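Dumped my_file_7.cif below, it's mmCIF, C-alpha atoms:
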data_upload
#
loop_
_atom_site.label_atom_id
_atom_site.label_comp_id
_atom_site.auth_asym_id
_atom_site.auth_seq_id
_atom_site.Cartn_x
_atom_site.Cartn_y
_atom_site.Cartn_z
CA MET Y 972 108.14 142.54 151.94
CA PHE Y 973 107.16 140.51 154.98
CA ILE Y 974 109.30 138.69 157.56
CA ALA Y 975 107.77 135.80 159.50
CA MET Y 976 109.61 134.83 162.68
CA ASN Y 977 108.84 132.03 165.08
CA ARG Y 978 110.68 132.23 168.41
CA PHE Y 979 111.68 128.95 170.06
CA LYS Y 980 112.90 128.70 173.66
CA ILE Y 981 115.10 125.62 173.83
CA ILE Y 982 115.91 123.76 177.04
CA PRO Y 983 119.62 124.27 177.85
CA GLY Y 984 121.60 121.26 176.64
CA CYS Y 985 119.08 120.47 173.87
CA GLU Y 986 120.43 122.99 171.33
CA ASN Y 987 122.19 120.44 169.12
CA GLU Y 988 119.17 118.19 169.06
CA PHE Y 989 117.00 121.15 168.03
CA LEU Y 990 119.43 122.00 165.23
CA GLU Y 991 119.44 118.39 164.00
CA ILE Y 992 115.62 118.49 163.73
CA TRP Y 993 115.88 121.57 161.49
CA LYS Y 994 118.83 120.28 159.45
CA ASN Y 995 116.90 117.15 158.57
CA ARG Y 996 113.59 118.88 157.97
CA GLU Y 997 112.09 119.15 154.50
CA THR Y 998 110.31 122.52 154.37
CA PHE Y 999 109.03 122.37 150.76
CA LEU Y 1000 109.32 126.16 150.74
CA ASP Y 1001 111.04 126.44 147.37
CA GLU Y 1002 107.82 125.47 145.64
CA VAL Y 1003 105.75 128.14 147.43
CA PRO Y 1004 104.64 131.30 145.54
CA GLY Y 1005 105.97 134.49 147.13
CA PHE Y 1006 108.61 132.74 149.23
CA LYS Y 1007 112.04 134.39 149.05
CA GLU Y 1008 114.44 133.15 151.73
CA PHE Y 1009 114.64 131.05 154.89
CA HIS Y 1010 117.16 131.04 157.74
CA LEU Y 1011 117.31 129.56 161.20
CA LEU Y 1012 118.77 132.01 163.73
CA SER Y 1013 120.47 131.45 167.05
CA GLY Y 1014 119.76 134.27 169.50
CA PRO Y 1015 120.61 135.18 173.08
CA THR Y 1016 120.75 132.57 175.83
CA THR Y 1017 119.63 132.91 179.45
CA ASP Y 1018 119.95 130.54 182.41
CA GLU Y 1019 116.51 129.19 181.51
CA PHE Y 1020 116.64 128.79 177.73
CA SER Y 1021 118.47 129.33 174.45
CA LEU Y 1022 116.49 131.46 172.03
CA PHE Y 1023 116.29 130.37 168.40
CA ALA Y 1024 114.13 131.86 165.66
CA SER Y 1025 113.00 130.78 162.24
CA HIS Y 1026 113.21 133.75 159.86
CA SER Y 1027 111.52 133.60 156.48
CA ILE Y 1028 111.19 136.42 153.98
CA TRP Y 1029 108.13 136.70 151.75
CA GLU Y 1030 107.00 139.02 149.00
CA SER Y 1031 103.98 139.96 151.11
CA ARG Y 1032 101.98 139.02 154.20
CA GLN Y 1033 99.34 137.65 151.83
CA ALA Y 1034 101.86 135.19 150.31
CA PHE Y 1035 102.85 134.01 153.80
CA GLU Y 1036 99.24 133.58 154.92
CA ALA Y 1037 98.36 131.67 151.75
CA TRP Y 1038 101.23 129.30 152.53
CA THR Y 1039 99.92 128.61 156.05
CA LYS Y 1040 96.71 127.34 154.45
CA SER Y 1041 98.45 125.24 151.78
CA ASP Y 1042 99.30 121.56 151.32
CA ALA Y 1043 103.00 122.53 151.35
CA PHE Y 1044 102.54 123.90 154.88
CA ARG Y 1045 100.77 120.75 156.07
CA LYS Y 1046 103.53 118.58 154.57
CA ALA Y 1047 106.26 120.69 156.22
CA HIS Y 1048 104.60 120.37 159.63
CA ALA Y 1049 103.50 116.72 159.38
CA ASN Y 1050 106.18 115.59 161.86
CA ALA Y 1051 106.05 118.59 164.19
CA GLY Y 1052 105.65 117.59 167.81
CA THR Y 1053 106.83 113.98 167.39
CA ALA Y 1054 110.39 114.60 168.65
CA LYS Y 1055 111.63 114.30 172.22
CA PRO Y 1056 110.77 117.56 174.05
CA VAL Y 1057 113.43 120.21 173.52
CA TYR Y 1058 111.10 123.21 173.79
CA LEU Y 1059 110.29 125.34 176.82
CA GLY Y 1060 106.70 126.32 176.09
CA LYS Y 1061 105.13 126.97 172.71
CA PRO Y 1062 106.80 128.82 169.84
CA GLU Y 1063 105.87 132.52 169.66
CA PHE Y 1064 105.02 133.79 166.21
CA GLU Y 1065 105.69 137.38 165.13
CA GLY Y 1066 105.03 138.75 161.66
CA PHE Y 1067 106.77 141.92 160.50
CA GLU Y 1068 106.03 144.22 157.57
CA VAL Y 1069 109.05 145.96 156.09
CA VAL Y 1070 108.13 149.66 156.39
CA LEU Y 1071 111.48 151.34 155.61
CA MET J 1199 125.94 136.23 158.82
CA PHE J 1200 124.52 138.14 161.77
CA ILE J 1201 121.16 139.89 162.26
CA ALA J 1202 120.91 142.69 164.82
CA MET J 1203 117.38 143.56 165.92
CA ASN J 1204 116.28 146.25 168.31
CA ARG J 1205 112.66 145.96 169.49
CA PHE J 1206 110.75 149.20 170.12
CA LYS J 1207 107.41 149.33 171.93
CA ILE J 1208 105.63 152.44 170.67
CA ILE J 1209 102.84 154.20 172.52
CA PRO J 1210 99.56 153.72 170.57
CA GLY J 1211 98.91 156.79 168.44
CA CYS J 1212 102.62 157.65 168.16
CA GLU J 1213 103.40 155.23 165.31
CA ASN J 1214 103.59 157.89 162.58
CA GLU J 1215 105.80 160.09 164.68
CA PHE J 1216 108.14 157.14 165.30
CA LEU J 1217 108.28 156.43 161.55
CA GLU J 1218 109.08 160.07 160.80
CA ILE J 1219 112.05 159.93 163.18
CA TRP J 1220 113.42 156.93 161.29
CA LYS J 1221 112.64 158.35 157.83
CA ASN J 1222 114.62 161.47 158.60
CA ARG J 1223 117.45 159.75 160.38
CA GLU J 1224 120.92 159.59 158.85
CA THR J 1225 122.38 156.19 159.83
CA PHE J 1226 125.78 156.45 158.07
CA LEU J 1227 125.62 152.65 157.73
CA ASP J 1228 126.69 152.52 154.09
CA GLU J 1229 130.20 153.53 155.06
CA VAL J 1230 130.53 150.76 157.68
CA PRO J 1231 132.66 147.65 156.93
CA GLY J 1232 130.67 144.42 157.07
CA PHE J 1233 127.26 146.14 156.88
CA LYS J 1234 124.91 144.54 154.34
CA GLU J 1235 121.30 145.71 154.70
CA PHE J 1236 118.94 147.69 156.94
CA HIS J 1237 115.18 147.63 157.31
CA LEU J 1238 112.69 148.99 159.79
CA LEU J 1239 109.93 146.47 160.56
CA SER J 1240 106.40 146.94 161.84
CA GLY J 1241 105.30 144.02 164.02
CA PRO J 1242 102.26 142.98 166.03
CA THR J 1243 100.23 145.50 168.03
CA THR J 1244 98.59 145.02 171.41
CA ASP J 1245 96.30 147.28 173.46
CA GLU J 1246 99.43 148.60 175.19
CA PHE J 1247 101.89 149.15 172.36
CA SER J 1248 102.79 148.75 168.68
CA LEU J 1249 105.93 146.69 168.19
CA PHE J 1250 108.53 147.90 165.72
CA ALA J 1251 112.00 146.48 165.14
CA SER J 1252 115.14 147.67 163.44
CA HIS J 1253 116.67 144.79 161.45
CA SER J 1254 120.20 145.05 160.14
CA ILE J 1255 122.19 142.32 158.43
CA TRP J 1256 125.96 142.07 158.89
CA GLU J 1257 128.71 139.84 157.56
CA SER J 1258 129.50 138.79 161.13
CA ARG J 1259 128.82 139.57 164.79
CA GLN J 1260 132.34 141.01 164.91
CA ALA J 1261 131.51 143.55 162.18
CA PHE J 1262 128.38 144.62 164.09
CA GLU J 1263 130.26 144.95 167.38
CA ALA J 1264 133.03 146.96 165.74
CA TRP J 1265 130.35 149.37 164.43
CA THR J 1266 128.90 149.87 167.94
CA LYS J 1267 132.32 151.16 169.00
CA SER J 1268 132.85 153.39 165.94
CA ASP J 1269 132.49 157.09 165.14
CA ALA J 1270 129.77 156.17 162.61
CA PHE J 1271 127.71 154.68 165.46
CA ARG J 1272 128.16 157.74 167.65
CA LYS J 1273 127.14 160.00 164.75
CA ALA J 1274 124.04 157.89 164.02
CA HIS J 1275 122.92 158.06 167.66
CA ALA J 1276 123.86 161.69 168.34
CA ASN J 1277 120.20 162.79 168.38
CA ALA J 1278 118.75 159.70 170.05
CA GLY J 1279 116.55 160.56 173.01
CA THR J 1280 115.92 164.18 172.03
CA ALA J 1281 112.48 163.57 170.50
CA LYS J 1282 109.13 163.75 172.28
CA PRO J 1283 108.55 160.43 174.07
CA VAL J 1284 107.00 157.83 171.78
CA TYR J 1285 108.55 154.77 173.46
CA LEU J 1286 107.10 152.54 176.14
CA GLY J 1287 110.25 151.53 178.00
CA LYS J 1288 113.71 150.99 176.60
CA PRO J 1289 114.47 149.26 173.29
CA GLU J 1290 115.32 145.58 173.66
CA PHE J 1291 118.32 144.41 171.66
CA GLU J 1292 118.62 140.88 170.30
CA GLY J 1293 121.49 139.61 168.16
CA PHE J 1294 121.05 136.51 166.02
CA GLU J 1295 123.63 134.32 164.30
CA VAL J 1296 122.45 132.68 161.09
CA VAL J 1297 122.96 128.94 161.80
CA LEU J 1298 121.05 127.35 158.91
#
Translate the structure described by the file into structure tokens.
Amino acid sequence: MFIAMNRFKIIPGCENEFLEIWKNRETFLDEVPGFKEFHLLSGPTTDEFSLFASHSIWESRQAFEAWTKSDAFRKAHANAGTAKPVYLGKPEFEGFEVVL
Amino acid sequence: MFIAMNRFKIIPGCENEFLEIWKNRETFLDEVPGFKEFHLLSGPTTDEFSLFASHSIWESRQAFEAWTKSDAFRKAHANAGTAKPVYLGKPEFEGFEVVL
């Protein structure tokens, strides 16, 4: 099992706008082989940012990587970057293998 | 739903030793109200460390926080810190609410 997380630092005050982007987003994940589950997570906040993270569970790292090269991935990210800036810096990707 | 993650930076070469500690550890989590699932994750490596993370899923943040004040928590952490050093710095805790 593999967990793909993307960490987003959101400018304070822009949290609701960020959530609206994700609520209205079509991810096309349900059609992707090896995809199991997706959640958006709200993490700790600091004076500088509110941390959010996308959290998707996959059968394997291979299934995740195949998705990143697929048409479904391109469709899901077609509108990325067109919204008003809510991000502090770039998202930080971390992939995790389930070892225990 | 709430996800509690603790990030561990492990000294390169000490990964197997770290895994052995977790394999042999009795967490007593199954007896804890609101606990759903536990995994240990292996994340990205750098020249300086290998990132691991504990990843536990709870019905709510309240259930997690109640556990941190419980006898089960004290029992699970009774031997923490007695092993040969494998950690680079302290673990970094992050709690995440599932928002979507």
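Comparing the minimum interatomic distances between Glu1068 (chain Y) and each of J:Ile1201, J:Leu1249, J:Ala1278, J:Val1230, counting only C-alpha atoms, we find that J:Leu1249 sits nearest.
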I need the contact residues of chain Y against chain J, so if you could list those with any atom within 12 Å, counting all atoms listed in the file, and return them as JSON, numbers by chain, that would help.
{"Y": [972, 973, 974, 975, 976, 978, 986, 987, 989, 990, 991, 992, 993, 994, 995, 996, 1008, 1009, 1010, 1011, 1012, 1013, 1014, 1015, 1016, 1021, 1022, 1023, 1024, 1025, 1026, 1027, 1032, 1063, 1064, 1065, 1066, 1067, 1068, 1069, 1070, 1071]}
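With only C-alpha atoms as the atoms that count, the minimum distance from Trp1038 (chain Y) to the choices Y:Gly984, Y:Asn1050, Y:Phe979, Y:Thr998 is reached by Y:Thr998.
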Figure out the distance between CA of Lys1046 (chain Y) and CA of Glu988 (chain Y), please, to one decimal in Å.
21.3 Å
Residues within 12 Å of region 1267-1271 of chain J, please, as a list in words. Count all atoms listed in the file; anything in the same chain fewer than 2 positions from it doesn't count.
Glu1224, Thr1225, Phe1226, Leu1227, Asp1228, Glu1229, Val1230, Pro1231, Phe1233, Gln1260, Ala1261, Phe1262, Glu1263, Ala1264, Trp1265, Lys1273, Ala1274, His1275, Ala1276, Asn1277 and Ala1278 of chain J
Spatial neighbours of Leu1059 (chain Y), 10 Å, all atoms listed in the file, chain gap at least 2 places, as a PyMOL selection string
chain Y and resi 979-983+1019-1022+1056-1057+1061-1062
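CA of Asn977 (chain Y) lies 19.3 Å from CA of Lys1055 (chain Y).
Put simply, CA of Glu1257 (chain J) is 29.2 Å away from CA of Tyr1058 (chain Y).
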Around region 1006-1025 of chain Y, fit a box with edges along x, y and z, padding it by 8 Å on each side, then list its centre and edge lengths in Å to one decimal as AutoDock Vina command-line options.
--center_x 114.7 --center_y 132.0 --center_z 165.7 --size_x 28.1 --size_y 22.4 --size_z 49.4
